[in-house]
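Next comes start_24.pdb, a file with PDB, C-alpha atoms.
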ATOM      1  CA  SER A   1     -36.656  11.083 -66.583
ATOM      2  CA  ARG A   2     -36.386  12.373 -70.166
ATOM      3  CA  ALA A   3     -32.679  13.077 -69.689
ATOM      4  CA  TRP A   4     -32.058   9.339 -69.639
ATOM      5  CA  GLU A   5     -34.307   8.395 -72.562
ATOM      6  CA  GLY A   6     -32.413   6.272 -75.038
ATOM      7  CA  ALA A   7     -29.439   5.811 -72.710
ATOM      8  CA  SER A   8     -28.114   2.312 -72.215
ATOM      9  CA  PRO A   9     -28.442   0.676 -68.788
ATOM     10  CA  GLU A  10     -24.633   0.534 -68.558
ATOM     11  CA  MET A  11     -24.363   4.318 -69.050
ATOM     12  CA  VAL A  12     -27.048   4.993 -66.457
ATOM     13  CA  GLN A  13     -25.284   2.738 -63.960
ATOM     14  CA  GLN A  14     -21.942   4.436 -64.663
ATOM     15  CA  TYR A  15     -23.366   7.918 -64.046
ATOM     16  CA  MET A  16     -25.085   6.749 -60.865
ATOM     17  CA  GLN A  17     -21.760   5.365 -59.641
ATOM     18  CA  ILE A  18     -19.996   8.680 -60.353
ATOM     19  CA  ASP A  19     -22.775  10.542 -58.515
ATOM     20  CA  GLY A  20     -22.262   8.228 -55.544
ATOM     21  CA  TRP A  21     -18.519   8.951 -55.527
ATOM     22  CA  VAL A  22     -19.125  12.717 -55.620
ATOM     23  CA  ARG A  23     -21.678  12.484 -52.808
ATOM     24  CA  ALA A  24     -19.341  10.353 -50.664
ATOM     25  CA  ALA A  25     -16.449  12.793 -51.236
ATOM     26  CA  PHE A  26     -18.683  15.711 -50.222
ATOM     27  CA  ILE A  27     -19.779  13.956 -47.026
ATOM     28  CA  ARG A  28     -16.163  13.132 -46.127
ATOM     29  CA  LYS A  29     -15.150  16.763 -46.666
ATOM     30  CA  VAL A  30     -17.993  18.095 -44.508
ATOM     31  CA  TYR A  31     -17.247  15.742 -41.630
ATOM     32  CA  ALA A  32     -13.505  16.413 -41.896
ATOM     33  CA  ILE A  33     -14.169  20.148 -41.474
ATOM     34  CA  LEU A  34     -16.573  19.477 -38.603
ATOM     35  CA  SER A  35     -14.078  17.182 -36.854
ATOM     36  CA  THR A  36     -11.364  19.838 -37.225
ATOM     37  CA  GLN A  37     -13.658  22.452 -35.665
ATOM     38  CA  LEU A  38     -14.461  20.157 -32.730
ATOM     39  CA  LEU A  39     -10.790  19.303 -32.155
ATOM     40  CA  MET A  40      -9.912  22.997 -32.323
ATOM     41  CA  THR A  41     -12.597  23.797 -29.737
ATOM     42  CA  VAL A  42     -11.423  21.040 -27.391
ATOM     43  CA  GLY A  43      -7.784  22.137 -27.800
ATOM     44  CA  ILE A  44      -8.523  25.791 -27.007
ATOM     45  CA  CYS A  45     -10.731  24.799 -24.076
ATOM     46  CA  VAL A  46      -8.118  22.503 -22.508
ATOM     47  CA  GLY A  47      -5.354  25.031 -23.183
ATOM     48  CA  LEU A  48      -7.216  27.903 -21.507
ATOM     49  CA  ILE A  49      -8.148  25.746 -18.514
ATOM     50  CA  TYR A  50      -4.509  24.829 -17.862
ATOM     51  CA  ALA A  51      -3.385  28.416 -18.506
ATOM     52  CA  SER A  52      -5.949  29.676 -15.979
ATOM     53  CA  PHE A  53      -4.795  27.495 -13.080
ATOM     54  CA  VAL A  54      -1.393  26.649 -11.655
ATOM     55  CA  HIS A  55      -0.625  23.070 -12.783
ATOM     56  CA  GLY A  56      -4.308  22.665 -13.608
ATOM     57  CA  ASP A  57      -5.307  22.850  -9.925
ATOM     58  CA  PRO A  58      -8.722  24.598  -9.637
ATOM     59  CA  HIS A  59      -7.794  25.841  -6.146
ATOM     60  CA  TYR A  60      -4.906  27.972  -7.485
ATOM     61  CA  PRO A  61      -5.974  30.319 -10.277
ATOM     62  CA  SER A  62      -3.241  32.071 -12.257
ATOM     63  CA  SER A  63      -3.250  35.789 -13.071
ATOM     64  CA  PHE A  64      -4.619  34.874 -16.491
ATOM     65  CA  GLY A  65      -7.365  32.872 -14.802
ATOM     66  CA  TYR A  66      -8.407  35.872 -12.734
ATOM     67  CA  TRP A  67      -8.532  37.972 -15.890
ATOM     68  CA  LEU A  68     -10.519  35.361 -17.803
ATOM     69  CA  ALA A  69     -13.103  35.013 -15.028
ATOM     70  CA  GLY A  70     -13.374  38.818 -14.757
ATOM     71  CA  PRO A  71     -12.948  41.044 -17.816
ATOM     72  CA  GLY A  72     -12.495  37.985 -20.026
ATOM     73  CA  TYR A  73     -16.073  36.948 -19.295
ATOM     74  CA  TYR A  74     -17.343  40.111 -20.966
ATOM     75  CA  VAL A  75     -14.830  39.758 -23.789
ATOM     76  CA  SER A  76     -16.415  36.373 -24.522
ATOM     77  CA  PHE A  77     -19.710  38.131 -25.340
ATOM     78  CA  ILE A  78     -17.879  40.352 -27.816
ATOM     79  CA  ALA A  79     -16.289  37.225 -29.280
ATOM     80  CA  ILE A  80     -19.751  35.700 -29.812
ATOM     81  CA  LEU A  81     -21.018  38.819 -31.589
ATOM     82  CA  LEU A  82     -17.913  38.982 -33.780
ATOM     83  CA  SER A  83     -18.299  35.273 -34.555
ATOM     84  CA  MET A  84     -21.869  35.832 -35.719
ATOM     85  CA  CYS A  85     -20.722  38.714 -37.940
ATOM     86  CA  THR A  86     -17.920  36.532 -39.305
ATOM     87  CA  LEU A  87     -20.387  33.751 -40.050
ATOM     88  CA  CYS A  88     -22.519  36.167 -42.070
ATOM     89  CA  GLY A  89     -19.386  37.197 -43.971
ATOM     90  CA  VAL A  90     -18.518  33.557 -44.663
ATOM     91  CA  PHE A  91     -21.831  33.147 -46.513
ATOM     92  CA  SER A  92     -20.772  35.858 -48.965
ATOM     93  CA  CYS A  93     -17.495  34.072 -49.790
ATOM     94  CA  LYS A  94     -18.512  30.453 -49.228
ATOM     95  CA  ASN A  95     -17.294  29.457 -52.717
ATOM     96  CA  SER A  96     -14.056  31.464 -52.534
ATOM     97  CA  TYR A  97     -11.089  29.430 -51.273
ATOM     98  CA  PRO A  98      -9.150  30.098 -49.041
ATOM     99  CA  MET A  99     -11.270  33.021 -47.756
ATOM    100  CA  ASN A 100     -14.068  30.641 -46.747
ATOM    101  CA  MET A 101     -11.671  28.505 -44.676
ATOM    102  CA  PHE A 102     -10.116  31.587 -43.084
ATOM    103  CA  GLY A 103     -13.547  32.928 -42.120
ATOM    104  CA  LEU A 104     -14.578  29.538 -40.765
ATOM    105  CA  ALA A 105     -11.414  29.406 -38.657
ATOM    106  CA  LEU A 106     -12.157  32.867 -37.222
ATOM    107  CA  PHE A 107     -15.732  31.846 -36.424
ATOM    108  CA  THR A 108     -14.561  28.649 -34.719
ATOM    109  CA  SER A 109     -11.928  30.557 -32.711
ATOM    110  CA  GLY A 110     -14.473  33.063 -31.403
ATOM    111  CA  ILE A 111     -16.995  30.420 -30.394
ATOM    112  CA  SER A 112     -14.233  28.284 -28.863
ATOM    113  CA  PHE A 113     -13.034  31.200 -26.735
ATOM    114  CA  SER A 114     -16.561  31.811 -25.438
ATOM    115  CA  ILE A 115     -17.083  28.134 -24.613
ATOM    116  CA  SER A 116     -13.635  27.938 -22.993
ATOM    117  CA  THR A 117     -14.389  30.939 -20.760
ATOM    118  CA  ILE A 118     -17.497  29.203 -19.429
ATOM    119  CA  CYS A 119     -15.554  25.952 -18.938
ATOM    120  CA  VAL A 120     -12.816  27.788 -16.993
ATOM    121  CA  ILE A 121     -15.422  29.287 -14.647
ATOM    122  CA  TYR A 122     -17.046  25.905 -14.064
ATOM    123  CA  TYR A 123     -13.673  24.181 -13.653
ATOM    124  CA  GLY A 124     -12.629  26.744 -11.057
ATOM    125  CA  SER A 125     -15.875  26.083  -9.179
ATOM    126  CA  GLY A 126     -14.969  22.397  -8.858
ATOM    127  CA  PHE A 127     -17.037  21.013 -11.729
ATOM    128  CA  GLY A 128     -14.143  19.514 -13.709
ATOM    129  CA  PRO A 129     -15.541  15.934 -13.697
ATOM    130  CA  GLN A 130     -18.946  17.245 -14.782
ATOM    131  CA  LEU A 131     -17.327  19.052 -17.726
ATOM    132  CA  LEU A 132     -15.661  15.808 -18.835
ATOM    133  CA  LEU A 133     -18.951  13.919 -18.427
ATOM    134  CA  ALA A 134     -20.769  16.557 -20.484
ATOM    135  CA  PHE A 135     -18.158  16.191 -23.245
ATOM    136  CA  ILE A 136     -18.530  12.396 -23.309
ATOM    137  CA  ILE A 137     -22.342  12.542 -23.338
ATOM    138  CA  SER A 138     -22.348  15.196 -26.079
ATOM    139  CA  THR A 139     -19.980  13.171 -28.260
ATOM    140  CA  ALA A 140     -21.961   9.960 -27.807
ATOM    141  CA  THR A 141     -25.256  11.757 -28.506
ATOM    142  CA  PHE A 142     -23.866  13.339 -31.667
ATOM    143  CA  LEU A 143     -22.601  10.008 -33.013
ATOM    144  CA  ALA A 144     -25.827   8.180 -32.130
ATOM    145  CA  LEU A 145     -28.069  10.820 -33.767
ATOM    146  CA  THR A 146     -25.853  10.938 -36.854
ATOM    147  CA  VAL A 147     -26.038   7.161 -37.347
ATOM    148  CA  PHE A 148     -29.804   7.184 -36.692
ATOM    149  CA  THR A 149     -30.433   9.932 -39.266
ATOM    150  CA  ILE A 150     -28.258   8.306 -41.945
ATOM    151  CA  PHE A 151     -30.100   4.991 -41.758
ATOM    152  CA  SER A 152     -33.572   6.402 -41.040
ATOM    153  CA  LYS A 153     -36.181   6.715 -43.787
ATOM    154  CA  ILE A 154     -37.846   9.744 -42.152
ATOM    155  CA  ASP A 155     -37.897  13.051 -44.046
ATOM    156  CA  PHE A 156     -36.523  15.670 -41.615
ATOM    157  CA  GLU A 157     -36.542  18.609 -44.041
ATOM    158  CA  PHE A 158     -39.569  20.129 -42.273
ATOM    159  CA  LEU A 159     -37.353  20.983 -39.270
ATOM    160  CA  GLY A 160     -35.558  23.831 -41.103
ATOM    161  CA  PRO A 161     -37.913  26.781 -40.365
ATOM    162  CA  ILE A 162     -38.589  25.562 -36.817
ATOM    163  CA  LEU A 163     -34.885  25.375 -35.975
ATOM    164  CA  CYS A 164     -34.237  28.791 -37.524
ATOM    165  CA  LEU A 165     -36.849  30.359 -35.255
ATOM    166  CA  GLY A 166     -35.560  28.378 -32.291
ATOM    167  CA  ILE A 167     -31.977  29.621 -32.619
ATOM    168  CA  VAL A 168     -33.165  33.251 -32.679
ATOM    169  CA  VAL A 169     -35.179  32.645 -29.508
ATOM    170  CA  LEU A 170     -32.196  30.945 -27.872
ATOM    171  CA  LEU A 171     -29.814  33.828 -28.670
ATOM    172  CA  ILE A 172     -32.189  36.480 -27.301
ATOM    173  CA  TRP A 173     -32.961  34.325 -24.275
ATOM    174  CA  SER A 174     -29.238  33.820 -23.531
ATOM    175  CA  MET A 175     -28.574  37.571 -23.621
ATOM    176  CA  ILE A 176     -31.472  38.245 -21.240
ATOM    177  CA  LEU A 177     -30.271  35.542 -18.823
ATOM    178  CA  SER A 178     -26.728  36.945 -18.934
ATOM    179  CA  ILE A 179     -27.971  40.398 -17.955
ATOM    180  CA  PHE A 180     -30.033  38.956 -15.084
ATOM    181  CA  TYR A 181     -27.022  36.855 -14.019
ATOM    182  CA  MET A 182     -24.828  39.971 -13.772
ATOM    183  CA  PHE A 183     -27.296  41.948 -11.656
ATOM    184  CA  SER A 184     -29.299  39.385  -9.679
ATOM    185  CA  GLY A 185     -27.154  36.248  -9.549
ATOM    186  CA  PHE A 186     -27.752  32.677 -10.665
ATOM    187  CA  HIS A 187     -31.269  31.190 -10.611
ATOM    188  CA  THR A 188     -31.617  27.439 -11.140
ATOM    189  CA  GLY A 189     -35.169  27.334 -12.561
ATOM    190  CA  PRO A 190     -34.840  29.640 -15.610
ATOM    191  CA  GLN A 191     -31.345  28.306 -16.308
ATOM    192  CA  LEU A 192     -32.575  24.693 -16.298
ATOM    193  CA  VAL A 193     -35.400  25.473 -18.728
ATOM    194  CA  PHE A 194     -32.921  27.312 -20.957
ATOM    195  CA  VAL A 195     -30.540  24.344 -20.968
ATOM    196  CA  ILE A 196     -33.305  21.833 -21.786
ATOM    197  CA  PHE A 197     -34.557  24.054 -24.625
ATOM    198  CA  GLY A 198     -31.006  24.371 -25.984
ATOM    199  CA  VAL A 199     -30.399  20.617 -25.837
ATOM    200  CA  VAL A 200     -33.633  19.843 -27.702
ATOM    201  CA  LEU A 201     -32.886  22.554 -30.271
ATOM    202  CA  PHE A 202     -29.392  21.321 -31.072
ATOM    203  CA  VAL A 203     -30.534  17.708 -31.186
ATOM    204  CA  GLY A 204     -32.869  18.921 -33.928
ATOM    205  CA  PHE A 205     -29.966  20.688 -35.665
ATOM    206  CA  ILE A 206     -27.850  17.528 -35.641
ATOM    207  CA  ILE A 207     -30.678  15.521 -37.191
ATOM    208  CA  TYR A 208     -31.595  18.207 -39.749
ATOM    209  CA  ASP A 209     -28.032  18.999 -40.840
ATOM    210  CA  THR A 210     -27.119  15.330 -41.130
ATOM    211  CA  TYR A 211     -30.233  14.665 -43.217
ATOM    212  CA  MET A 212     -29.520  17.601 -45.556
ATOM    213  CA  ILE A 213     -25.842  16.588 -45.971
ATOM    214  CA  VAL A 214     -26.578  12.934 -46.715
ATOM    215  CA  ASN A 215     -29.632  13.506 -48.909
TER     216      ASN A 215
END

Kindly return the structure encoded in the file as structure tokens.
Amino acid sequence: SRAWEGASPEMVQQYMQIDGWVRAAFIRKVYAILSTQLLMTVGICVGLIYASFVHGDPHYPSSFGYWLAGPGYYVSFIAILLSMCTLCGVFSCKNSYPMNMFGLALFTSGISFSISTICVIYYGSGFGPQLLLAFIISTATFLALTVFTIFSKIDFEFLGPILCLGIVVLLIWSMILSIFYMFSGFHTGPQLVFVIFGVVLFVGFIIYDTYMIVN
């Protein structure tokens, strides 16, 4: 480009090296924040599971466990809505430290509480091993997709608008299913389709976000 006209090859190489250092530092920072969020979610989830059952035994719920599976279930919906509002607020102060970190911590806490509530209900129903298996599969899938995207030569930028529409559909769909679940009980068919759609959507998010971070 014209910006480099007349510059010596040594200067160009030096600036490219500095750009590489800045990019690597940015990637490390992003993945450090992401790892902290994941560890925070796992910690809250495990903590609430053990607080909801006597000695972690799913056959003996504690008083807190009864509350979490009852009124706490509805509180988790409020937590999701507040988390979404917090996320919108984080965008307005994304370059203002430490407000951006504080907002991100609030968002992570709200989402973690909602996920933990669901895990407590499943754990109490005897699906503890399945929860652990889901965690292992999710972690392995995330790492595999991240490595694939980093070393792939495919341009995944086109996924942005599709994923944005997909997350709106998923949120509305989840609210509708929750209402039906409260009044008519659990139905395997619609729930299975919802889960498959969510898995495909977030696989796309992992690929898209990784591509945008690295490139």

For atom CA of A:Ser138 and atom CA of A:Phe194, the interatomic separation in Å (one decimal) | 16.9 Å

Which one of A:Ile207, A:Ala51, A:Ile150, A:Ala25 sits closest to A:Leu163 if you count only C-alpha atoms?
->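 Using only C-alpha atoms, A:Leu163 sits closest to A:Ile207.
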
From A:Thr210, A:Asn215, A:Gln37, A:Ser116, residue lying nearest A:Thr146 [all atoms listed in the file] = A:Thr210

Could you tell me, as a PyMOL selection string, which residues have any atom at most 7 Å from (-24.2, 32.1, -32.4), counting all atoms listed in the file?
-> chain A and resi 80+84+171

Mind listing as a ChimeraX atom specification all residues within 12 Å of (-18.7, 37.4, -21.7), counting only C-alpha atoms?
-> /A:67-81,110-111,113-118,121,174-175,178-179,181-182

Which residue, A:Val193, A:Ile213, A:Val46, A:Ile154, has the smallest gap to A:Gly128 when you use all atoms listed in the file?
->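 Residue with the minimum atom-to-atom distance to A:Gly128: A:Val46.
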
Here atom CA of A:Leu48 and atom CA of A:Gly65 stand apart by 8.3 Å

Taking all atoms listed in the file into account, which of A:Met40, A:Cys45, A:Val30, A:Val214 comes nearest A:Thr149?
-> A:Val214

Atom-to-atom span, atom CA of A:Cys119 and atom CA of A:Phe135, Å =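 Computing the Euclidean distance for atom CA of A:Cys119 and atom CA of A:Phe135 yields 11.0 Å.
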
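Of the residues listed (A:Leu201, A:Leu145, A:Ala32, A:Val195), A:Leu201 shows the shortest atom-to-atom separation from A:Gly160; distances use all atoms listed in the file.
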
Measuring atom to atom with only C-alpha atoms, identify which of A:Leu34, A:Glu157, A:Gly103, A:Asp57 is nearest to A:Ser125.
->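 So, comparing all the options, the nearest one is A:Asp57.
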
Edge lengths and centre, in Å to one decimal, as lines of an AutoDock Vina configuration file: that's what I need for the box along x, y and z that holds all listed atoms of stretch 83-99 of chain A plus 4 Å on each side.
center_x = -15.8
center_y = 34.1
center_z = -43.6
size_x = 21.4
size_y = 17.3
size_z = 26.2
